[in-house]
Each structure stands twice: as C-alpha cells, then as structure tokens.
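Asker: Sharing a structure, written as structure tokens. Questions coming.
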Amino acid sequence: MQPELILYSTWGCHLCDEAEQLLALVATAQTYKVVDIVDDEQAFTRYRVSIPVLSFGEKELCWPFDAAQLTTWLKDIR
C-alpha cells in the first residue's frame, strides 16, 4: 500500500492552520489528509506537543517549516 501524505493537526491550532495554508499553496497537485489528533489516540499520544506535523510513511516534517523547506521535503519524499 502506498503511503499517504498526512497533516496531523487539531481544531483551534493557529500553527496547524498556517501549515495547512502552506501545504495548499506549495503542494497544489498533491493530495493530503488532515488527521485531528483528538480523534486518533495514537496520534494524540505521539504528536500532542509537536503539531503540526506532516507525515509520509516513516518520514516526518515537524513545525516550524516554511514554503522552501516544505517544497524540498515534498521533493525528497518522492
């Protein structure tokens, strides 16, 4: 099964909103899924103090990141 791009986030997190805006801007042709860590016990345990986090398989990009870092990371995961 092909890994998918996931943004771990939660409602009311302004940093998560910024990360999603950057992702939408940079990864226009890339599909991704947003996972609210409150709805996923394992994600909550792992990411509760580090969101937003982008994940693709075993690779992760933790906040803070900017458009240039995100672009490079997205190229590197493919």
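Following the order of the structure tokens, chains are lettered A, B, ..., residues in each are numbered from 1, and ligands are numbered from 1.
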Find the residues around Cys62 in chain A up to 8 Å (only C-alpha atoms counted), leave out those fewer than 5 positions away in its own chain, and share them as a PyMOL selection string.

Answerer: chain A and resi 50-54

Asker: Tell me which protein, DNA and RNA residues are within 12 Å of Ala19 in chain A, counting only C-alpha atoms, leaving out same-chain ones fewer than 5 positions away, and put them as a PyMOL selection string.

Answerer: chain A and resi 6-10+13-14+24-27+34+51-54+61-67+69-70

Asker: I need the residue nearest Leu74 in chain A from this list: A:Val49, A:Leu5, A:Trp11, A:Asp40. Use only C-alpha atoms for the distance.

Answerer: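 Counting only C-alpha atoms, the residue closest to Leu74 in chain A is A:Leu5.
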
Asker: So, counting only C-alpha atoms, which residue among A:Trp73, A:Arg78, A:Pro3, A:Asp36 is closest to Arg48 in chain A?

Answerer: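 For Arg48 in chain A, the nearest of the given residues is A:Asp36.
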
Asker: Within chain A, find each residue whose DSSP state, derived from the backbone, is alpha helix (DSSP H), and express the selection as an MDAnalysis selection string.

Answerer: chainID A and resid 14:26 41:47 67:77

Asker: Kindly export the residues of the current selection with C-alpha atoms, as an mmCIF file, in the first residue's frame.

Answerer:
data_model
loop_
_atom_site.group_PDB
_atom_site.id
_atom_site.type_symbol
_atom_site.label_atom_id
_atom_site.label_comp_id
_atom_site.auth_asym_id
_atom_site.auth_seq_id
_atom_site.Cartn_x
_atom_site.Cartn_y
_atom_site.Cartn_z
ATOM 1 C CA HIS A 14 -3.243 28.554 14.543
ATOM 2 C CA LEU A 15 0.090 26.913 13.686
ATOM 3 C CA CYS A 16 -1.808 23.989 12.154
ATOM 4 C CA ASP A 17 -3.860 26.450 10.101
ATOM 5 C CA GLU A 18 -0.631 28.066 8.865
ATOM 6 C CA ALA A 19 0.833 24.679 7.970
ATOM 7 C CA GLU A 20 -2.288 23.706 6.033
ATOM 8 C CA GLN A 21 -2.254 27.014 4.150
ATOM 9 C CA LEU A 22 1.404 26.448 3.217
ATOM 10 C CA LEU A 23 0.631 22.900 2.149
ATOM 11 C CA ALA A 24 -2.263 24.044 -0.034
ATOM 12 C CA LEU A 25 -0.044 26.720 -1.587
ATOM 13 C CA VAL A 26 3.029 24.567 -2.215
ATOM 14 C CA GLU A 41 -5.468 8.142 20.298
ATOM 15 C CA GLN A 42 -2.101 7.053 18.867
ATOM 16 C CA ALA A 43 -1.637 10.353 17.034
ATOM 17 C CA PHE A 44 -2.579 12.277 20.162
ATOM 18 C CA THR A 45 -0.022 10.402 22.237
ATOM 19 C CA ARG A 46 2.702 10.894 19.643
ATOM 20 C CA TYR A 47 2.053 14.462 18.422
ATOM 21 C CA ALA A 67 7.479 27.177 1.979
ATOM 22 C CA ALA A 68 11.063 26.465 0.866
ATOM 23 C CA GLN A 69 11.561 23.721 3.468
ATOM 24 C CA LEU A 70 8.186 22.207 2.621
ATOM 25 C CA THR A 71 8.950 22.225 -1.113
ATOM 26 C CA THR A 72 12.296 20.485 -0.538
ATOM 27 C CA TRP A 73 10.745 17.922 1.804
ATOM 28 C CA LEU A 74 7.967 17.114 -0.658
ATOM 29 C CA LYS A 75 10.547 16.570 -3.427
ATOM 30 C CA ASP A 76 12.632 14.357 -1.154
ATOM 31 C CA ILE A 77 9.751 12.050 -0.187
#

Asker: Let's see if you can do this: from backbone DSSP, list all strand (DSSP E or B) residues in chain A, as a ChimeraX atom specification.

Answerer: /A:5-9,33-36,53-56,59-62
